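Reading through the structure tokens given below for one structure.
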Amino acid sequence: MSLGYVLPESLSEASKFLREHKQDARIVAGGTDVMVQLRRGGIEGKGGPRWLVDITRIPGLAYIRAEGDVIRIGAMTTHAEIARSPLIRERSPLLAEACASIGSPQIRARGTIGGNIMNASPAADSIPAFVALSARVRLAGPEGVRDAAISDVFDGPYKTTVQPGEILVEVHFNALTAGWSSAFVKLGRREALAIARLSVAVVVERDSTGRVSRASIAPGACLPMPSRVAPAEAIVVGKVADEEVVKSAAREVAEEMVRRTGVRWSTEYKKPVVEALTRRAIWKALGVDAH
Amino acid sequence: MGTTNDRIVRTIVNRPARRVDAVEKVTGRARFAADLFFDGMLHARVLRARFPHARILSIDTREAERVPGVVAVVTHADIPGARAFGPVRQDMPVFAFEKTRYLGDGVAMVVAATPVAAERALSQIRVEYQELPAVFSPEDALAKGAPVLHEGFPDNIVNHYPVRKGDVEAGFAASDLVLEREYRTQFVEHAYIEPEAAVAVPNPSEGSVTIYGSIQNPFTARRVVAQVLGVSLNKVRVIQCTMGGSFGGKDDIMSCMCARVAVAAMKTGRPVKMVNTREESIVESYKRHPYFMRYKVGVKKDGRLQAMEIYILADAGAYASMTPFVTWRSAVQATGPYEISNVKTDVYGVFTNNTYTGAMRGFGSPQIIFAQESLMDELATELGMDPLDLRIKNGFRKGSVTASGQVLDEHKVSLIEVMEKAADAIGYREKRKAYPGPTGRGSKVRGVGLAASYRGVSLGAEGIDATGAIVSVQQDGSVYLYAGLAENGQGLRTIFTQIAAEELGCNLEDVVFMDTDTSLIPDGGPTVASRSTTMGGNAVRDAARKVRETLLGVAAELLGASSGEIISSGGKVFVAEDPARSVDFREVARAAYNRGELMAAFGWYRAPKVSWDEETGQGKAYFTYVYGCQAAEVEVDTETGKVRVLKVAAAHDVGRAINPATVEGQIYGGVAMGMGYGTLEEVEMVKGVTRTQNFDEYLIATSMDVPEVIPVIVENPDSYGPYGAKTIGEPTCELLAPAVANAVYHATGRRIRELPLDLERVLLGRSLKATRGRRGSEGA
């Protein structure tokens with residue numbers, strides 16, 4: 001058996017091939033995840049793809065642009081491009097921070113945002129940021145284009161709901177406007193080339209009185225499926241954040257994690273730590289340095 | 001000796017010099033073993049064991065032999081000579097026969113026209129096993145009825161070293177305080193950037209073979225290959241390629257790889273190359289020993305140490321390898337650099353079905369220093385003393401007697417000097433007071449801590465300790481330099497070149513250091529134990545001085561002076577009192593050549609006598625020692641367990657820095673490695689299965705993690721070393737782990753007695769281990 005490689009030059013060509021080969025075909029963009037997975041499986045690994053569909057020749061998939069308040073990022077945009085984009089840094093800084101924390105300069109220069117989402121790793125750095133931003137993804141398939149909420153894309157660790165033939169082409173979200181602020185906090189084992197042990201993305205909106213009017217809290221690397229934690233958000237909303245409010249919201253995130261994952265080998269560590277990181281992320285989003 | 005030349009100011013030695021091999025390495029021109037190609041060359045891949053402990057019932061290679069491109073499949077049955085090898089015990093099979101003892105054992109090897117064909121054929125080899133009960137910890141291996149790995153070792157004990165001095169029971173009875181503590185260290189990987197690689201080129205008409213490879217010790221590899229092929233040593237030529245790191249790691253495993261490709265080359269009559277993948281490298285290659293260490297210490301109220309009792313189990317893994325030597329160094333140095341009248345130490349190496357363990361930079365010292373230097377801080381806490389004061393109170397001084405009864409009177413005992421200098425450089429005393437410790441506010445707290453050591457230089461009573469060099473001046477004044485020791489990345493080429501140029505009086509650029517080739521120079525022992533500068537440096541100096549004598553004689557005639565009045569320095573040979581009367585070094589070389597003088601010389605250096613009594617663990621273990629101290633400042637996130645090492649001061653007595661720039665380089669590298677050992681690195685082995693097979697999961701410190709390092713070079717010239725030089729390679733990486741652990745305690749009040757100090761251990765006080773795959777999500 002061997003591994004085939006195709007280099008389509010249009011979305012429809014790629015989509016057609018993907019639909020024909022279903023589970024046997026795997027999209028390659030930056031390759032920073034796929035190459036590692038292939039290596040682990042060996043060149044003739046069982047259950048691995050038979051075809052690699054390299055989408056780097058398809059034009060028009062790398063962009064960052066604002067249309068009114070909507071920011072659109074093409075799937076082939078690299079982490080490095082997002083991290084250094086003035087638009088992202090200004091209007092969704094948590095995403096710039098998340099992308100800047102990925103791997104190393106080499107990985108950020110190759111890896112794409114589409115790949116980071118579609119690999120569906122629970123520890124993906126960009127995903128909590130997108131979830132907190134309530135981003136939507138655009139999927140191009142044989143039947144045309146459809147949009148979906150980012151949290152609807154995932155179907156468990158490394159699993160997506162995307163259908164054979166569908167290709168993620170864009171992720172878009174509302175830019176943060178006046179009154180909004182955000183934070184991304186990540187804990188890795190070392191200062192670079194570190195997979196998130198835990199991360200937390202937070203977006204908050206405050207009204208003119210300083211009361212939190214809307215909040216979005218999305219922890220990473222601790223839930224089987226990325227999502228916001230509504231009960232924690234509810235604690236914050238409608239209040240002027242103080243130590244007690246932030247603490248109980250953070251505790252709620254930790255408890256939600258245990259509710260969703262059960263008690264696992266890592267819970268003893270992750271529960272107190274996700275609580276601490278959430279607390280820090282909320283304060284950071286509120287512009288308070290309270291490590 | 002004692003000529004005019006020795007009295008002049010040195011122009012090359014004791015000054016920074018750029019590494020002679022720097023340009024070829026940073027420009028990518030250096031050729032590594034994997035870069036080599038030969039006509040008709042074949043590629044080899046190894047099939048490894050399926051079970052960590054199993055009887056091999058049969059190996060059927062017929063299917064594999066039919067895979068297109070396959071030229072041969074090699075097993076133990078193809079070995080003409082010895083089927084097993086080892087530095088102390090010949091217990092490690094080149095290809096497993098009868099049994100497998102760990103998952104890295106090679107069972108068979110495919111030799112094919114391409115690496116892909118070889119890889120394909122691996123799955124076609126049929127091996128029938130009978131699985132045997134296996135054992136994965138020294139404690140279990142010592143239990144009654146435990147599975148036995150090796151015939152003749154019914155209790156699985158590789159070796160036992162006792163050290164007996166005084167009477168510990170009396171010492172404890174006389175103590176005001178007795179403390180007992182247990183410490184553990186982990187498996188770690190050398191993580192050299194270049195995985196193992198070798199090529200064997202047969203010479204059928206002579207029945208000989210030439211081997212090129214990433215080989216730390218070419219003479220060791222030669223001996224193993226000759227034994228395995230059943231030929232005499234002069235039928236095997238080993239040439240060392242440029243090394244992409246070794247750190248003690250390219251010894252046994254490279255001997256094994258060389259033997260494998262040599263057997264295949266002899267069988268096929270064609271050159272055979274093998275290059276390990278990173279995963280193969282991490283699975284097969286030996287690791288630093290995990291230690292279990294129980295320390296009991298007795299002390300007077302004033303801090304005077306009375307007695308120390310030490311019990312150590314070292315996990316040797318599947319084969320003896322260097323365990324008998326590694327654990328011997330541990331036994332000698334286990335008490336640390338402190339005066340203790342009553343010592344009882346027992347160190348055991350124990351077989352298990354884990355990956356075998358062997359030489360790694362530090363060689364039995366990082367483990368015991370972690371324990372003993374953590375213990376000193378724990379003791380200081382109990383006594384209400386400052387840890388540095390406690391060390392100064394008990395630390396070795398001139399005339400102190402070591403645990404093995406050796407009187408330290410032949411060199412400057414600089415322990416207290418290095419401790420004070422490291423402490424000053426990091427502001428230890430001020431920061432001990434300034435940082436509030438666990439009572440401080442906020443989740444990020446700082447602390448400082450230090451650790452000190454003494455270390456025996458070179459092999460000591462381990463074995464034969466002598467080495468040679470050849471200096472050969474050409475008629476144009478250029479110089480060949482050959483040495484029996486090898487460049488492993490530590491900077492030996494540069495040091496030896498500096499010494500040769502200094503002694504000859506030529507320029508650094510005039511000297512070319514030749515690759516180490518076993519056919520060109522006598523066996524000078526292994527390049528280990530930080531012995532190159534001391535041992536090899538003396539040999540180079542000896543050779544260069546002999547040639548210089550000849551050249552000065554010729555120059556004397558040219559200048560009309562006596563050779564005693566002449567100085568050779570910086571490319572000029574001149575009359576000391578009248579430097580205008582001079583002649584170019586090249587001129588002298590040409591004249592010497594024209595007169596038919598012998599312009600080459602062989603240098604040799606044999607270490608001073610040492611001794612050891614196996615029964616009592618008493619004796620002069622090493623002919624000299626070095627002293628070092630590293631102090632660390634850390635910041636601990638008490639809510640996540642994250643430790644950031646902010647700053648490290650490293651004071652090391654090197655005797656004399658031949659090249660202060662490369663000494664600093666060694667310190668930076670050693671600190672980075674020590675930091676990985678202390679905070680990040682751990683080869684996770686679960687029932688003999690290596691889970692951390694690549695650098696995504698086996699975490700070494702990145703440049704973003706390595707702290708600011710303040711190197712403090714301390715120079716107390718030693719009477720034995722060249723120009724007084726001693727050692728720097730290994731002391732640099734044995735100290736940081738306990739310094740960090742002590743700093744973490746200072747910051748948080750949490751004492752971590754197990755390495756590494758990762759997130760979970762620092763937060764929870766113990767390790768958490770995944771029960772299944774972790775990639776990407778870390779198990780979520």
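To be explicit about the labels: the chains of the structure tokens are called A, B, and onward in the order shown, and within each one the residues are counted from 1, while ligands get numbers from 1 in the order they are shown.
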
**Message:** Taking only C-alpha atoms into account, find every residue of chain B that has an atom no more than 10 Å from chain A, and write it out as JSON, numbers by chain.
**Reply:** {"B": [116, 119, 120, 279, 442, 443, 444, 637, 638, 639, 640, 641, 642, 643, 644, 679, 680, 693, 694, 695, 696, 697, 699, 700, 701, 702, 703, 704, 705, 706, 758, 759, 760, 761, 763, 764, 767, 768, 769, 770, 771, 772, 775, 776, 777, 778, 779, 780]}

**Request:** Please provide as a list in words all residues within 9 Å of A:Gly179, with the sequence filter that same-chain residues fewer than 5 positions apart are discarded (counting only C-alpha atoms).
**Result:**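 That gives Val204, Glu205, Arg206, Asp207 and Ser208 of chain A.
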
**Prompt:** So which bits of stretch 71-196 of chain A end up alpha helix (DSSP H) when you DSSP the backbone, as a PyMOL selection string?
**Reply:** chain A and resi 79-84+86-91+93-100+105-110+113-118+126-132

**Prompt:** Which residue gives the smallest distance to A:Thr278 among A:Val240, A:Ala96, A:Met225, A:Val203, with only C-alpha atoms counted?
**Reply:**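 Smallest separation from A:Thr278 among the options: A:Val203.
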
**Item:** For B:Leu305, the nearest of the candidates B:Ala544, B:Ala591, B:Val209, B:Leu390, counting only C-alpha atoms
**Value:** B:Leu390

**Request:** Just the residues within 12 Å of stretch 286-288 of chain A, please, counting only C-alpha atoms, with nothing from its chain fewer than 5 positions along; format it as a PyMOL selection string.
**Result:** chain A and resi 179-184+202-206+210-212+215+236+240-243+246+279-281

**Request:** Please run DSSP on the backbone and report, as number ranges by chain, all residues within stretch 425-497 of chain B that come out as strand (DSSP E or B).
**Result:** B: 444-456, 466-473, 479-483

**Item:** Nearest residue to B:Ala307 from the set B:Glu549, B:Glu462, B:Glu169, B:Glu151 (distances using only C-alpha atoms)
**Value:**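 Smallest separation from B:Ala307 among the options: B:Glu169.
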
**Atom pair atom CA of A:Ala148 / atom CA of A:Ile88: separation (Å)** = 21.3 Å

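Here the question is which of B:Tyr593, B:Tyr356, B:Tyr311, B:Phe95 gets nearest to B:Arg260 using only C-alpha atoms, and that residue is B:Phe95.
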
**Asked** Do you know which residues are at most 12 Å from stretch 134-136 of chain A counting only C-alpha atoms, after dropping those on the same chain fewer than 5 positions away, and could you put them as a PyMOL selection string?
**Response** chain A and resi 70-73+92+95+117+126-129+146-153+168-176+201-203+215-218+226-228

Any chance you could export the current selection's N, CA and C atoms as a tab-separated table (two decimals), in the first residue's frame?
```tsv
chain	number	residue	atom	x	y	z
A	70	VAL	N	-17.32	42.75	11.01
A	70	VAL	CA	-17.01	41.33	10.89
A	70	VAL	C	-15.57	41.15	10.40
A	71	ILE	N	-14.83	40.34	11.12
A	71	ILE	CA	-13.47	40.02	10.70
A	71	ILE	C	-13.50	38.64	10.05
A	72	ARG	N	-12.90	38.56	8.88
A	72	ARG	CA	-12.87	37.28	8.15
A	72	ARG	C	-11.42	36.83	7.98
A	73	ILE	N	-11.18	35.60	8.32
A	73	ILE	CA	-9.83	35.05	8.20
A	73	ILE	C	-9.90	33.82	7.30
A	92	SER	N	-9.26	41.93	18.03
A	92	SER	CA	-9.52	40.66	18.74
A	92	SER	C	-8.19	40.17	19.31
A	95	LEU	N	-7.14	36.56	20.17
A	95	LEU	CA	-6.79	35.63	19.10
A	95	LEU	C	-5.32	35.80	18.70
A	117	ILE	N	-8.04	24.46	13.57
A	117	ILE	CA	-9.44	24.18	13.91
A	117	ILE	C	-9.79	22.74	13.53
A	126	SER	N	-5.94	28.13	19.23
A	126	SER	CA	-6.84	29.14	18.67
A	126	SER	C	-8.30	28.87	19.02
A	127	ILE	N	-8.63	27.63	19.27
A	127	ILE	CA	-10.05	27.27	19.40
A	127	ILE	C	-10.76	27.97	20.58
A	128	PRO	N	-10.17	27.97	21.78
A	128	PRO	CA	-10.87	28.70	22.86
A	128	PRO	C	-11.10	30.17	22.51
A	129	ALA	N	-10.14	30.78	21.82
A	129	ALA	CA	-10.31	32.18	21.43
A	129	ALA	C	-11.50	32.32	20.48
A	146	ARG	N	-21.75	26.58	3.34
A	146	ARG	CA	-22.63	26.78	4.50
A	146	ARG	C	-21.79	27.34	5.65
A	147	ASP	N	-22.44	28.04	6.54
A	147	ASP	CA	-21.78	28.56	7.74
A	147	ASP	C	-22.25	27.76	8.95
A	148	ALA	N	-21.37	27.63	9.93
A	148	ALA	CA	-21.75	26.93	11.16
A	148	ALA	C	-21.04	27.58	12.34
A	149	ALA	N	-21.67	27.51	13.50
A	149	ALA	CA	-21.01	27.99	14.71
A	149	ALA	C	-19.78	27.12	14.99
A	150	ILE	N	-18.71	27.74	15.45
A	150	ILE	CA	-17.48	26.96	15.62
A	150	ILE	C	-17.70	25.79	16.56
A	151	SER	N	-18.48	25.98	17.60
A	151	SER	CA	-18.62	24.88	18.56
A	151	SER	C	-19.42	23.72	17.99
A	152	ASP	N	-20.13	23.96	16.87
A	152	ASP	CA	-20.85	22.86	16.23
A	152	ASP	C	-19.96	22.01	15.33
A	153	VAL	N	-18.73	22.47	15.13
A	153	VAL	CA	-17.83	21.75	14.22
A	153	VAL	C	-17.25	20.51	14.88
A	168	LEU	N	-13.06	23.54	5.10
A	168	LEU	CA	-13.17	24.79	5.84
A	168	LEU	C	-12.44	25.88	5.06
A	169	VAL	N	-13.11	26.95	4.73
A	169	VAL	CA	-12.47	27.99	3.92
A	169	VAL	C	-12.29	29.30	4.69
A	170	GLU	N	-13.08	29.48	5.74
A	170	GLU	CA	-12.99	30.78	6.43
A	170	GLU	C	-13.51	30.65	7.84
A	171	VAL	N	-12.99	31.48	8.71
A	171	VAL	CA	-13.57	31.65	10.04
A	171	VAL	C	-13.83	33.15	10.20
A	172	HIS	N	-15.01	33.48	10.70
A	172	HIS	CA	-15.33	34.90	10.87
A	172	HIS	C	-16.05	35.14	12.19
A	173	PHE	N	-15.95	36.37	12.66
A	173	PHE	CA	-16.52	36.71	13.97
A	173	PHE	C	-16.65	38.22	14.05
A	174	ASN	N	-17.42	38.66	15.02
A	174	ASN	CA	-17.57	40.10	15.23
A	174	ASN	C	-16.35	40.65	15.96
A	175	ALA	N	-15.83	41.73	15.40
A	175	ALA	CA	-14.69	42.37	16.06
A	175	ALA	C	-15.14	42.93	17.40
A	176	LEU	N	-14.17	43.03	18.31
A	176	LEU	CA	-14.50	43.62	19.61
A	176	LEU	C	-14.57	45.14	19.42
A	201	ALA	N	-9.85	31.41	27.45
A	201	ALA	CA	-10.10	32.62	26.67
A	201	ALA	C	-11.34	33.31	27.24
A	202	VAL	N	-11.23	34.60	27.40
A	202	VAL	CA	-12.33	35.36	27.99
A	202	VAL	C	-12.60	36.61	27.16
A	203	VAL	N	-13.89	36.88	26.92
A	203	VAL	CA	-14.29	38.13	26.29
A	203	VAL	C	-15.39	38.73	27.17
A	215	ALA	N	-20.54	38.28	28.78
A	215	ALA	CA	-19.27	37.61	29.04
A	215	ALA	C	-19.23	36.28	28.32
A	216	SER	N	-18.04	35.94	27.98
A	216	SER	CA	-17.86	34.69	27.27
A	216	SER	C	-16.58	34.05	27.82
A	217	ILE	N	-16.72	32.86	28.35
A	217	ILE	CA	-15.58	32.18	28.99
A	217	ILE	C	-15.40	30.81	28.35
A	218	ALA	N	-14.25	30.59	27.74
A	218	ALA	CA	-14.01	29.32	27.05
A	218	ALA	C	-12.67	28.73	27.46
A	226	PRO	N	-14.82	21.71	22.78
A	226	PRO	CA	-14.65	23.11	23.15
A	226	PRO	C	-16.00	23.79	23.28
A	227	SER	N	-16.18	24.56	24.33
A	227	SER	CA	-17.41	25.32	24.43
A	227	SER	C	-17.26	26.39	25.50
A	228	ARG	N	-18.21	27.31	25.50
A	228	ARG	CA	-18.27	28.29	26.55
A	228	ARG	C	-18.86	27.65	27.80
```

**Request:** Write out as a PyMOL selection string which residues come within 10 Å of B:Glu128 when counting only C-alpha atoms, dropping same-chain ones fewer than 2 positions away.
**Result:** chain B and resi 50+54-60+125-126+130-131

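Reported to one decimal place, the separation of atom CA of B:Arg361 from atom CA of B:Phe247 is 5.1 Å.
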
**Message:** Report as a PyMOL selection string all protein, DNA and RNA residues lying within 7 Å of stretch 85-90 of chain B, evaluated on only C-alpha atoms, omitting residues in the same chain fewer than 6 positions from it.
**Reply:** chain B and resi 224+320-322

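Excluding A:Asp125 itself and any same-chain residue fewer than 3 positions from it, the protein and nucleic acid residues within 7 Å of it, counting only C-alpha atoms, are Ala98, Cys99, Ile102 and Pro128 of chain A.
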